[in-house]
file model31.cif (mmCIF, C-alpha atoms)
data_upload
loop_
_atom_site.label_atom_id
_atom_site.label_comp_id
_atom_site.auth_asym_id
_atom_site.auth_seq_id
_atom_site.Cartn_x
_atom_site.Cartn_y
_atom_site.Cartn_z
CA MET A 24 -12.99 21.79 -9.21
CA LYS A 25 -13.77 21.46 -12.91
CA LYS A 26 -11.85 24.27 -14.68
CA ILE A 27 -8.77 25.62 -12.92
CA ILE A 28 -6.49 28.60 -13.58
CA ILE A 29 -3.07 28.72 -11.90
CA THR A 30 -0.77 31.72 -11.58
CA GLY A 31 2.95 31.25 -10.95
CA ALA A 32 2.68 27.84 -12.60
CA LEU A 33 6.42 27.67 -13.33
CA GLY A 34 7.41 28.16 -9.70
CA GLN A 35 8.43 25.51 -7.18
CA ILE A 36 4.88 24.53 -6.25
CA GLY A 37 3.21 25.37 -9.54
CA SER A 38 5.44 23.28 -11.78
CA GLU A 39 4.49 20.07 -9.96
CA LEU A 40 0.93 21.01 -9.02
CA THR A 41 0.08 21.84 -12.65
CA ILE A 42 1.18 18.42 -13.89
CA ARG A 43 -0.74 16.67 -11.10
CA LEU A 44 -3.91 18.68 -11.69
CA ARG A 45 -3.79 17.84 -15.40
CA GLU A 46 -3.54 14.15 -14.50
CA VAL A 47 -6.55 14.38 -12.17
CA TYR A 48 -8.83 16.85 -13.99
CA GLY A 49 -7.65 16.65 -17.61
CA LYS A 50 -5.21 18.75 -19.60
CA GLU A 51 -8.01 20.78 -21.17
CA ASN A 52 -9.27 21.85 -17.73
CA VAL A 53 -6.07 23.30 -16.26
CA ILE A 54 -4.89 26.71 -17.48
CA ALA A 55 -1.31 27.36 -16.40
CA THR A 56 0.01 30.93 -16.41
CA ASP A 57 3.29 32.64 -15.62
CA ILE A 58 5.16 35.79 -16.56
CA ARG A 59 7.72 33.82 -18.60
CA GLN A 60 7.51 30.97 -21.12
CA PRO A 61 10.47 28.57 -21.24
CA GLU A 62 10.34 26.18 -24.19
CA ASP A 63 11.57 23.12 -22.30
CA SER A 64 8.96 23.01 -19.51
CA LYS A 65 6.14 20.44 -19.51
CA VAL A 66 3.97 23.09 -17.90
CA VAL A 67 4.24 25.03 -21.17
CA THR A 68 4.38 22.21 -23.72
CA ASP A 69 1.99 19.63 -22.28
CA GLY A 70 -1.23 21.61 -21.83
CA ILE A 71 -2.82 25.05 -21.96
CA PHE A 72 -0.37 27.82 -21.07
CA GLU A 73 -0.76 31.61 -21.13
CA ILE A 74 1.65 34.44 -20.36
CA LEU A 75 0.28 36.51 -17.46
CA ASP A 76 1.63 39.34 -15.33
CA VAL A 77 -0.57 39.06 -12.21
CA THR A 78 -0.45 42.81 -11.68
CA ASP A 79 -2.35 43.18 -14.98
CA ALA A 80 -5.94 42.85 -13.74
CA ASP A 81 -7.49 43.28 -17.19
CA HIS A 82 -5.51 40.44 -18.76
CA MET A 83 -6.24 38.22 -15.76
CA LYS A 84 -9.94 38.92 -16.19
CA ASP A 85 -9.76 38.14 -19.91
CA LEU A 86 -8.31 34.69 -19.16
CA VAL A 87 -10.90 33.92 -16.48
CA GLU A 88 -13.66 34.77 -18.96
CA GLN A 89 -12.03 33.06 -21.95
CA TYR A 90 -11.60 29.71 -20.22
CA GLU A 91 -14.73 29.91 -18.02
CA VAL A 92 -12.87 28.74 -14.93
CA ASP A 93 -14.51 27.86 -11.61
CA THR A 94 -11.34 27.61 -9.47
CA PHE A 95 -8.45 30.06 -9.01
CA ILE A 96 -5.12 28.83 -7.60
CA HIS A 97 -2.91 31.87 -7.04
CA LEU A 98 0.75 30.99 -6.48
CA ALA A 99 2.65 33.94 -8.01
CA ALA A 100 4.81 35.66 -5.35
CA LEU A 101 8.37 36.58 -4.42
CA LEU A 102 9.84 34.28 -1.78
CA SER A 103 11.36 35.26 1.56
CA ALA A 104 15.02 36.04 0.82
CA VAL A 105 14.28 37.74 -2.51
CA ALA A 106 11.41 39.71 -0.98
CA GLU A 107 13.69 40.97 1.78
CA ALA A 108 16.16 42.26 -0.84
CA LYS A 109 13.35 43.89 -2.86
CA PRO A 110 10.61 44.80 -0.37
CA GLN A 111 8.66 47.27 -2.53
CA LEU A 112 8.59 44.86 -5.48
CA ALA A 113 7.50 42.10 -3.09
CA TRP A 114 4.60 44.20 -1.81
CA ASP A 115 3.53 45.27 -5.31
CA LEU A 116 3.68 41.73 -6.71
CA ASN A 117 2.49 39.69 -3.74
CA MET A 118 -0.36 41.99 -2.73
CA GLY A 119 -1.22 43.47 -6.12
CA GLY A 120 -1.54 40.07 -7.74
CA LEU A 121 -3.50 38.71 -4.77
CA ILE A 122 -6.11 41.45 -4.70
CA ASN A 123 -6.60 41.10 -8.47
CA ALA A 124 -7.19 37.37 -8.10
CA LEU A 125 -9.54 37.81 -5.12
CA GLU A 126 -11.58 40.43 -6.92
CA LEU A 127 -12.08 38.12 -9.88
CA SER A 128 -13.00 35.29 -7.54
CA ARG A 129 -15.63 37.54 -6.00
CA GLU A 130 -16.97 38.73 -9.35
CA TYR A 131 -17.15 35.27 -10.95
CA ASP A 132 -17.88 33.20 -7.82
CA LEU A 133 -14.67 31.16 -8.03
CA LYS A 134 -13.29 28.77 -5.45
CA PHE A 135 -9.96 30.28 -4.40
CA PHE A 136 -6.63 29.05 -3.01
CA THR A 137 -3.41 30.89 -2.26
CA PRO A 138 -0.62 29.62 0.01
CA SER A 139 0.47 31.32 3.18
CA SER A 140 3.66 30.32 4.98
CA ILE A 141 5.36 29.75 8.30
CA GLY A 142 6.90 33.12 7.37
CA ALA A 143 3.62 34.64 8.57
CA PHE A 144 4.84 34.02 12.11
CA GLY A 145 7.43 36.13 13.92
CA PRO A 146 9.76 36.27 16.93
CA GLN A 147 6.88 36.65 19.42
CA THR A 148 5.11 33.54 18.12
CA PRO A 149 5.43 30.46 20.36
CA LYS A 150 8.32 28.42 18.92
CA ASP A 151 7.20 24.87 19.71
CA GLN A 152 3.80 23.36 18.93
CA THR A 153 2.89 26.75 17.45
CA PRO A 154 -0.91 27.02 17.74
CA GLN A 155 -3.25 27.38 14.77
CA VAL A 156 -4.42 30.73 16.13
CA THR A 157 -1.63 32.72 17.77
CA ILE A 158 0.25 36.00 17.61
CA GLN A 159 1.60 36.84 14.14
CA ARG A 160 4.09 39.70 14.03
CA PRO A 161 6.51 38.86 11.18
CA THR A 162 9.66 40.92 10.75
CA THR A 163 10.09 40.36 7.00
CA MET A 164 8.27 41.82 4.02
CA TYR A 165 7.47 38.29 2.87
CA GLY A 166 5.84 37.59 6.22
CA VAL A 167 3.93 40.86 6.14
CA THR A 168 2.45 39.98 2.74
CA LYS A 169 1.52 36.49 3.96
CA VAL A 170 -0.29 37.75 7.06
CA SER A 171 -2.03 40.33 4.88
CA GLY A 172 -3.04 37.57 2.50
CA GLU A 173 -4.53 35.50 5.31
CA LEU A 174 -6.55 38.49 6.49
CA LEU A 175 -7.72 39.28 2.97
CA GLY A 176 -8.81 35.68 2.50
CA ASP A 177 -10.89 35.89 5.68
CA TYR A 178 -12.31 39.25 4.61
CA TYR A 179 -13.41 38.05 1.17
CA PHE A 180 -15.00 34.96 2.72
CA GLN A 181 -16.83 36.83 5.48
CA LYS A 182 -17.76 39.94 3.47
CA PHE A 183 -18.49 38.50 0.02
CA GLY A 184 -18.85 34.76 0.55
CA VAL A 185 -15.84 33.85 -1.60
CA ASP A 186 -14.81 30.25 -0.89
CA THR A 187 -11.22 31.10 0.08
CA ARG A 188 -8.82 28.43 1.37
CA SER A 189 -5.15 28.43 2.35
CA VAL A 190 -2.38 26.66 4.25
CA ARG A 191 0.75 27.92 5.96
CA PHE A 192 3.36 25.97 4.03
CA PRO A 193 6.64 25.06 5.70
CA GLY A 194 9.83 24.75 3.68
CA LEU A 195 9.11 22.69 0.57
CA ILE A 196 11.64 20.18 -0.74
CA SER A 197 11.49 19.15 -4.40
CA TYR A 198 13.65 17.20 -6.84
CA ASP A 199 11.85 18.68 -9.84
CA THR A 200 12.40 22.42 -9.43
CA LEU A 201 15.45 24.33 -8.26
CA PRO A 202 15.06 26.68 -5.26
CA GLY A 203 13.72 30.17 -5.91
CA GLY A 204 15.11 32.36 -3.13
CA GLY A 205 13.62 30.97 0.07
CA THR A 206 15.12 30.68 3.55
CA THR A 207 14.53 26.91 3.61
CA ASP A 208 16.28 26.35 0.25
CA TYR A 209 19.26 24.69 1.94
CA ALA A 210 17.10 21.58 2.37
CA VAL A 211 16.87 21.28 -1.42
CA ASP A 212 20.43 22.35 -2.27
CA ILE A 213 21.93 19.83 0.14
CA TYR A 214 20.68 16.83 -1.85
CA TYR A 215 22.01 18.13 -5.16
CA GLU A 216 25.41 18.89 -3.65
CA ALA A 217 25.53 15.56 -1.84
CA LEU A 218 25.30 13.75 -5.17
CA LYS A 219 27.53 16.14 -7.13
CA ASN A 220 30.27 16.90 -4.59
CA ASN A 221 29.66 14.62 -1.60
CA ALA A 222 29.68 17.79 0.52
CA TYR A 223 27.55 20.83 1.25
CA THR A 224 28.08 24.20 2.93
CA SER A 225 24.90 25.28 4.69
CA PHE A 226 23.87 28.94 4.92
CA ILE A 227 21.61 27.99 7.86
CA ASP A 228 23.34 27.25 11.18
CA LYS A 229 23.48 23.97 13.05
CA GLY A 230 20.61 23.49 15.48
CA THR A 231 18.19 25.70 13.53
CA TYR A 232 14.95 23.74 13.40
CA MET A 233 12.31 24.57 10.80
CA ASP A 234 9.22 22.78 9.54
CA MET A 235 9.57 21.08 6.16
CA MET A 236 7.51 19.04 3.71
CA TYR A 237 8.23 16.96 0.61
CA MET A 238 6.59 18.38 -2.50
CA PRO A 239 4.40 15.33 -3.30
CA ASP A 240 2.68 15.84 0.06
CA ALA A 241 2.25 19.57 -0.64
CA VAL A 242 0.64 18.91 -4.02
CA ASP A 243 -1.69 16.26 -2.61
CA LEU A 244 -2.83 18.42 0.29
CA ILE A 245 -3.82 21.32 -1.99
CA ILE A 246 -6.12 19.00 -3.92
CA GLN A 247 -7.43 17.45 -0.71
CA LEU A 248 -8.18 20.84 0.84
CA MET A 249 -9.83 22.19 -2.30
CA GLU A 250 -12.08 19.12 -2.54
CA ALA A 251 -13.09 19.23 1.13
CA PRO A 252 -16.69 20.31 1.84
CA SER A 253 -16.82 24.03 2.57
CA ASP A 254 -19.03 23.66 5.64
CA GLN A 255 -16.44 21.62 7.53
CA LEU A 256 -13.70 24.28 7.23
CA VAL A 257 -13.26 26.56 10.24
CA ASN A 258 -9.67 27.85 10.01
CA ARG A 259 -9.79 28.23 6.25
CA ASN A 260 -7.18 31.05 5.94
CA ALA A 261 -4.78 29.45 6.76
CA TYR A 262 -4.11 25.97 8.17
CA ASN A 263 -0.86 24.99 9.85
CA VAL A 264 0.68 22.10 7.87
CA SER A 265 4.01 20.33 8.28
CA ALA A 266 5.55 16.89 7.80
CA MET A 267 8.79 17.21 9.79
CA SER A 268 10.79 19.62 11.92
CA ILE A 269 14.47 19.35 11.02
CA ALA A 270 17.83 21.09 11.37
CA PRO A 271 20.69 20.85 8.84
CA GLU A 272 22.50 18.18 10.84
CA ASP A 273 19.38 15.98 10.73
CA VAL A 274 19.46 16.06 6.94
CA GLU A 275 23.19 15.31 7.06
CA LYS A 276 22.59 12.14 9.07
CA ALA A 277 19.77 11.03 6.79
CA ILE A 278 21.96 11.47 3.69
CA GLN A 279 24.88 9.65 5.32
CA LYS A 280 22.76 6.50 5.51
CA HIS A 281 23.00 6.46 1.71
CA LEU A 282 26.28 8.35 1.19
CA PRO A 283 28.41 7.54 4.25
CA ASP A 284 31.24 9.95 3.37
CA PHE A 285 28.98 12.98 2.92
CA LYS A 286 30.23 16.03 4.84
CA LEU A 287 28.29 19.09 5.98
CA SER A 288 29.94 22.41 6.83
CA TYR A 289 28.58 25.86 7.63
CA ASP A 290 28.93 29.39 6.25
CA VAL A 291 25.96 31.14 7.80
CA ASP A 292 24.13 33.85 5.85
CA PRO A 293 23.08 36.43 8.49
CA VAL A 294 20.00 37.53 6.54
CA ARG A 295 18.51 34.09 6.01
CA GLN A 296 19.62 32.91 9.45
CA GLY A 297 17.82 35.87 11.01
CA ILE A 298 14.68 35.03 9.06
CA ALA A 299 14.88 31.38 10.13
CA GLU A 300 15.27 32.31 13.79
CA SER A 301 12.12 34.42 13.63
CA TRP A 302 10.06 31.39 12.57
CA PRO A 303 8.72 28.52 14.69
CA ASN A 304 10.68 25.34 15.36
CA ALA A 305 7.63 23.09 14.99
CA ILE A 306 3.96 23.91 14.45
CA ASP A 307 0.74 22.23 15.59
CA THR A 308 -1.20 20.76 12.63
CA THR A 309 -4.21 19.48 14.60
CA ALA A 310 -6.76 21.77 12.92
CA ALA A 311 -5.81 20.57 9.42
CA GLN A 312 -5.94 16.95 10.56
CA GLU A 313 -9.35 17.28 12.19
CA GLU A 314 -11.10 19.54 9.65
CA TRP A 315 -10.05 17.95 6.34
CA GLY A 316 -7.91 14.91 7.10
CA PHE A 317 -4.40 16.24 6.50
CA SER A 318 -1.89 13.39 6.83
CA PRO A 319 1.53 13.63 5.11
CA LYS A 320 3.11 10.44 3.75
CA TYR A 321 6.80 11.40 3.84
CA ASP A 322 9.05 11.76 6.86
CA LEU A 323 12.76 12.71 6.64
CA GLU A 324 14.00 9.16 6.02
CA LYS A 325 11.45 8.33 3.33
CA MET A 326 11.90 11.72 1.66
CA THR A 327 15.71 11.42 1.62
CA GLU A 328 15.55 8.00 0.00
CA ASP A 329 13.21 9.25 -2.72
CA MET A 330 15.06 12.55 -3.27
CA LEU A 331 18.37 10.80 -3.92
CA LYS A 332 16.70 8.23 -6.17
CA GLN A 333 14.88 10.85 -8.24
CA LEU A 334 17.94 13.09 -8.59
CA LYS A 335 20.03 10.14 -9.77
CA ASN A 336 17.33 9.43 -12.35
CA LYS A 337 17.72 13.03 -13.53
CA GLY A 338 21.42 12.40 -14.15
CA ILE A 339 22.91 14.12 -11.10
CA LEU A 340 26.36 12.58 -10.53
CA SER A 341 26.41 10.11 -7.66
CA TYR A 342 29.15 9.14 -5.22
CA ALA A 343 27.13 6.12 -4.08
#
call {"tool": "encode", "arguments": {"input": "model31.cif", "output": "structure tokens"}}
result
Amino acid sequence: MKKIIITGALGQIGSELTIRLREVYGKENVIATDIRQPEDSKVVTDGIFEILDVTDADHMKDLVEQYEVDTFIHLAALLSAVAEAKPQLAWDLNMGGLINALELSREYDLKFFTPSSIGAFGPQTPKDQTPQVTIQRPTTMYGVTKVSGELLGDYYFQKFGVDTRSVRFPGLISYDTLPGGGTTDYAVDIYYEALKNNAYTSFIDKGTYMDMMYMPDAVDLIIQLMEAPSDQLVNRNAYNVSAMSIAPEDVEKAIQKHLPDFKLSYDVDPVRQGIAESWPNAIDTTAAQEEWGFSPKYDLEKMTEDMLKQLKNKGILSYA
């Protein structure tokens, strides 16, 4: 990767990935884009930034040509809970933006990445040690767009030779960016509320296991996958990746090691709970390990320690 364009650069992944890519490849070689332009974001103020609506294919093409990019990282999408509330908008944005980005990658021979998700699985998918290749029958619009994206990635690779790559991200936990409407958002909210109120009410029920990952691992793996030799990738669209399989009470216990009086209660949201129950409990990441060396650094204990430290540094009130 020498010259990289990113869509959705102000989102949960994009805001941290953009900063990291600028550190690795140089500020002048990373073009961040989003549909909005907040004045207080480093993504906007500390490098090249352009306003882009990903459904505007002509403007997207203009930016690819203007900056002479060789790599396209397409992150712009509605997340699971928001997509379920606005299914037509989710289809138009998630699929319309994706096909525009893939077409440009075909036309200009760009290396291409877009994330899939554990949301691409469904109730008929094996729940434990979910295989890399298995049945995918999601019951949400978000999941439908993610499966469609995986298939499109395979199609553009097989039909046109586009170097497409992807991973099925689990829930992503970040201290830098607030949640954006995902089913796994409780695992971010809980740390903020632990420091502010010493308590949290979870919208996901006790005993609901889902795969998760700390954002530094997610950022690192994107770079690692994109730098991997193309000829060693077999399951390129998309790899199972995960760092931990956890339920809300597991996070509670991890936080209590630092904040002993922290209390967790439950007020279950039927919509997000239903989505969570349609996903796997824990997925098999063997293909990613064997094909390009995937190996996350953070488990629940290490992540919890760093999350609380980083949030305190941001000025979140602490009961510790």
call {"tool": "closest_atom_pairs", "arguments": {"input": "model31.cif", "of": "region 212-265 of chain A", "to": "region 301-312 of chain A", "cutoff": "10 Å", "atoms": "all atoms listed in the file", "output": "Markdown table"}}
result
| residue | atom | partner | partner_atom | distance |
| --- | --- | --- | --- | --- |
| A:Thr231 | CA | A:Asn304 | CA | 7.7 |
| A:Tyr232 | CA | A:Asn304 | CA | 5.0 |
| A:Met233 | CA | A:Asn304 | CA | 4.9 |
| A:Asp234 | CA | A:Ala305 | CA | 5.7 |
| A:Met235 | CA | A:Ala305 | CA | 9.3 |
| A:Leu244 | CA | A:Ala311 | CA | 9.8 |
| A:Leu248 | CA | A:Ala311 | CA | 8.9 |
| A:Leu256 | CA | A:Ala311 | CA | 9.0 |
| A:Val257 | CA | A:Ala310 | CA | 8.5 |
| A:Asn258 | CA | A:Ala310 | CA | 7.3 |
| A:Arg259 | CA | A:Ala311 | CA | 9.2 |
| A:Ala261 | CA | A:Ala311 | CA | 9.3 |
| A:Tyr262 | CA | A:Ala311 | CA | 5.8 |
| A:Asn263 | CA | A:Thr308 | CA | 5.1 |
| A:Val264 | CA | A:Thr308 | CA | 5.3 |
| A:Ser265 | CA | A:Thr308 | CA | 6.8 |
call {"tool": "resolve_selection", "arguments": {"input": "model31.cif", "expression": "the PyMOL selection byres ((chain A and resi 64-71) around 7)", "output": "number ranges by chain"}}
result
A: 33, 38, 41-42, 50-51, 53-55, 60-63, 72-73
call {"tool": "atom_distance", "arguments": {"input": "model31.cif", "atom1": "CA of Gln247 (chain A)", "atom2": "CA of Thr206 (chain A)"}}
result
26.5 Å
call {"tool": "resolve_selection", "arguments": {"input": "model31.cif", "expression": "the PyMOL selection byres ((chain A and resi 175-189) around 6)", "output": "PyMOL selection string"}}
result
chain A and resi 129+134-138+172-174+190+259-261
call {"tool": "closest_residue", "arguments": {"input": "model31.cif", "among": "A:Glu272, A:Asp284, A:Asp243, A:Glu324", "to": "Ala222 (chain A)", "atoms": "all atoms listed in the file"}}
result
A:Asp284
call {"tool": "resolve_selection", "arguments": {"input": "model31.cif", "expression": "the PyMOL selection byres ((chain A and resi 319) around 8)", "output": "list in words"}}
result
Asp240, Ser265, Ala266, Phe317, Ser318, Lys320, Tyr321 and Asp322 of chain A
call {"tool": "atom_distance", "arguments": {"input": "model31.cif", "atom1": "CA of Tyr165 (chain A)", "atom2": "CA of Ala106 (chain A)"}}
result
5.7 Å
call {"tool": "closest_residue", "arguments": {"input": "model31.cif", "among": "A:Thr163, A:Ser268, A:Thr94, A:Thr56", "to": "Lys26 (chain A)", "atoms": "only C-alpha atoms"}}
result
A:Thr94
call {"tool": "closest_residue", "arguments": {"input": "model31.cif", "among": "A:Gln155, A:Thr327, A:Ser253, A:Asn336", "to": "Ile213 (chain A)", "atoms": "all atoms listed in the file"}}
result
A:Thr327
call {"tool": "residues_around", "arguments": {"input": "model31.cif", "residues": "Asp290 (chain A)", "least_positions_apart": "3", "cutoff": "9 Å", "atoms": "all atoms listed in the file", "output": "mmCIF file with C-alpha atoms, in the coordinates of the input"}}
result
data_model
loop_
_atom_site.group_PDB
_atom_site.id
_atom_site.type_symbol
_atom_site.label_atom_id
_atom_site.label_comp_id
_atom_site.auth_asym_id
_atom_site.auth_seq_id
_atom_site.Cartn_x
_atom_site.Cartn_y
_atom_site.Cartn_z
ATOM 1 C CA THR A 224 28.080 24.200 2.930
ATOM 2 C CA SER A 225 24.900 25.280 4.690
ATOM 3 C CA PHE A 226 23.870 28.940 4.920
ATOM 4 C CA ILE A 227 21.610 27.990 7.860
ATOM 5 C CA ASP A 228 23.340 27.250 11.180
#
call {"tool": "residues_around", "arguments": {"input": "model31.cif", "residues": "Leu218 (chain A)", "least_positions_apart": "5", "cutoff": "12 Å", "atoms": "all atoms listed in the file", "output": "list in words"}}
result
Val211, Asp212, Ile213, Tyr223, Ile278, Gln279, His281, Leu282, Pro283, Asp284, Phe285, Lys286, Thr327, Met330, Leu331, Lys332, Gln333, Leu334, Lys335, Asn336, Lys337, Gly338, Ile339, Leu340, Ser341, Tyr342 and Ala343 of chain A
call {"tool": "atom_distance", "arguments": {"input": "model31.cif", "atom1": "CA of Pro271 (chain A)", "atom2": "CA of Gly31 (chain A)"}}
result
28.5 Å
call {"tool": "residues_near_point", "arguments": {"input": "model31.cif", "point": "(-7.0, 38.6, -14.9)", "cutoff": "12 Å", "atoms": "only C-alpha atoms", "output": "ChimeraX atom specification"}}
result
/A:28-30,56-57,73-90,92,95,97,119-128,130-131
call {"tool": "decode", "arguments": {"input": "model31.cif", "residues": "region 163-229 of chain A", "atoms": "C-alpha atoms", "output": "PDB file, in the first residue's frame"}}
result
ATOM      1  CA  THR A 163     -31.125  -8.853   9.649  1.00  0.00           C
ATOM      2  CA  MET A 164     -30.682  -6.335   6.853  1.00  0.00           C
ATOM      3  CA  TYR A 165     -27.181  -5.629   8.150  1.00  0.00           C
ATOM      4  CA  GLY A 166     -26.342  -9.312   7.846  1.00  0.00           C
ATOM      5  CA  VAL A 167     -27.853  -9.519   4.375  1.00  0.00           C
ATOM      6  CA  THR A 168     -25.648  -6.648   3.189  1.00  0.00           C
ATOM      7  CA  LYS A 169     -22.567  -8.260   4.746  1.00  0.00           C
ATOM      8  CA  VAL A 170     -23.144 -11.637   3.080  1.00  0.00           C
ATOM      9  CA  SER A 171     -23.800  -9.810  -0.185  1.00  0.00           C
ATOM     10  CA  GLY A 172     -20.555  -7.917   0.282  1.00  0.00           C
ATOM     11  CA  GLU A 173     -18.599 -11.131   0.815  1.00  0.00           C
ATOM     12  CA  LEU A 174     -20.073 -12.594  -2.365  1.00  0.00           C
ATOM     13  CA  LEU A 175     -19.348  -9.429  -4.338  1.00  0.00           C
ATOM     14  CA  GLY A 176     -15.763  -9.462  -3.114  1.00  0.00           C
ATOM     15  CA  ASP A 177     -15.363 -13.036  -4.346  1.00  0.00           C
ATOM     16  CA  TYR A 178     -17.034 -12.154  -7.646  1.00  0.00           C
ATOM     17  CA  TYR A 179     -14.776  -9.173  -8.361  1.00  0.00           C
ATOM     18  CA  PHE A 180     -11.703 -11.249  -7.501  1.00  0.00           C
ATOM     19  CA  GLN A 181     -12.691 -14.263  -9.601  1.00  0.00           C
ATOM     20  CA  LYS A 182     -14.262 -12.365 -12.519  1.00  0.00           C
ATOM     21  CA  PHE A 183     -12.023  -9.299 -12.795  1.00  0.00           C
ATOM     22  CA  GLY A 184      -8.931 -10.121 -10.759  1.00  0.00           C
ATOM     23  CA  VAL A 185      -9.503  -7.349  -8.205  1.00  0.00           C
ATOM     24  CA  ASP A 186      -7.349  -7.991  -5.123  1.00  0.00           C
ATOM     25  CA  THR A 187     -10.257  -7.987  -2.663  1.00  0.00           C
ATOM     26  CA  ARG A 188      -9.737  -8.798   1.034  1.00  0.00           C
ATOM     27  CA  SER A 189     -12.021  -8.838   4.071  1.00  0.00           C
ATOM     28  CA  VAL A 190     -12.552 -10.099   7.612  1.00  0.00           C
ATOM     29  CA  ARG A 191     -15.671 -10.896   9.600  1.00  0.00           C
ATOM     30  CA  PHE A 192     -15.225  -8.503  12.489  1.00  0.00           C
ATOM     31  CA  PRO A 193     -16.686  -9.356  15.883  1.00  0.00           C
ATOM     32  CA  GLY A 194     -17.861  -6.625  18.236  1.00  0.00           C
ATOM     33  CA  LEU A 195     -15.200  -3.926  18.393  1.00  0.00           C
ATOM     34  CA  ILE A 196     -14.374  -2.177  21.663  1.00  0.00           C
ATOM     35  CA  SER A 197     -12.757   1.262  21.561  1.00  0.00           C
ATOM     36  CA  TYR A 198     -11.949   4.047  24.021  1.00  0.00           C
ATOM     37  CA  ASP A 199     -11.526   6.582  21.229  1.00  0.00           C
ATOM     38  CA  THR A 200     -14.909   6.549  19.489  1.00  0.00           C
ATOM     39  CA  LEU A 201     -18.397   6.282  20.929  1.00  0.00           C
ATOM     40  CA  PRO A 202     -20.630   3.430  19.712  1.00  0.00           C
ATOM     41  CA  GLY A 203     -22.533   3.926  16.467  1.00  0.00           C
ATOM     42  CA  GLY A 204     -25.618   1.716  16.704  1.00  0.00           C
ATOM     43  CA  GLY A 205     -24.287  -1.832  16.893  1.00  0.00           C
ATOM     44  CA  THR A 206     -25.587  -4.835  18.815  1.00  0.00           C
ATOM     45  CA  THR A 207     -22.252  -5.264  20.621  1.00  0.00           C
ATOM     46  CA  ASP A 208     -22.144  -1.617  21.776  1.00  0.00           C
ATOM     47  CA  TYR A 209     -22.834  -2.608  25.379  1.00  0.00           C
ATOM     48  CA  ALA A 210     -19.208  -3.747  25.617  1.00  0.00           C
ATOM     49  CA  VAL A 211     -18.097  -0.158  24.996  1.00  0.00           C
ATOM     50  CA  ASP A 212     -20.813   1.607  27.009  1.00  0.00           C
ATOM     51  CA  ILE A 213     -20.125  -0.495  30.091  1.00  0.00           C
ATOM     52  CA  TYR A 214     -16.628   0.941  30.579  1.00  0.00           C
ATOM     53  CA  TYR A 215     -17.779   4.549  30.291  1.00  0.00           C
ATOM     54  CA  GLU A 216     -20.612   3.978  32.754  1.00  0.00           C
ATOM     55  CA  ALA A 217     -18.375   2.059  35.143  1.00  0.00           C
ATOM     56  CA  LEU A 218     -16.150   5.114  35.494  1.00  0.00           C
ATOM     57  CA  LYS A 219     -18.939   7.705  35.490  1.00  0.00           C
ATOM     58  CA  ASN A 220     -21.606   5.968  37.599  1.00  0.00           C
ATOM     59  CA  ASN A 221     -20.018   2.794  38.981  1.00  0.00           C
ATOM     60  CA  ALA A 222     -22.974   0.934  37.447  1.00  0.00           C
ATOM     61  CA  TYR A 223     -24.336  -0.115  34.081  1.00  0.00           C
ATOM     62  CA  THR A 224     -27.660  -1.406  32.755  1.00  0.00           C
ATOM     63  CA  SER A 225     -27.057  -3.833  29.901  1.00  0.00           C
ATOM     64  CA  PHE A 226     -29.435  -4.102  26.944  1.00  0.00           C
ATOM     65  CA  ILE A 227     -27.968  -7.560  26.222  1.00  0.00           C
ATOM     66  CA  ASP A 228     -29.006 -10.378  28.569  1.00  0.00           C
ATOM     67  CA  LYS A 229     -26.825 -12.356  30.948  1.00  0.00           C
TER      68      LYS A 229
END
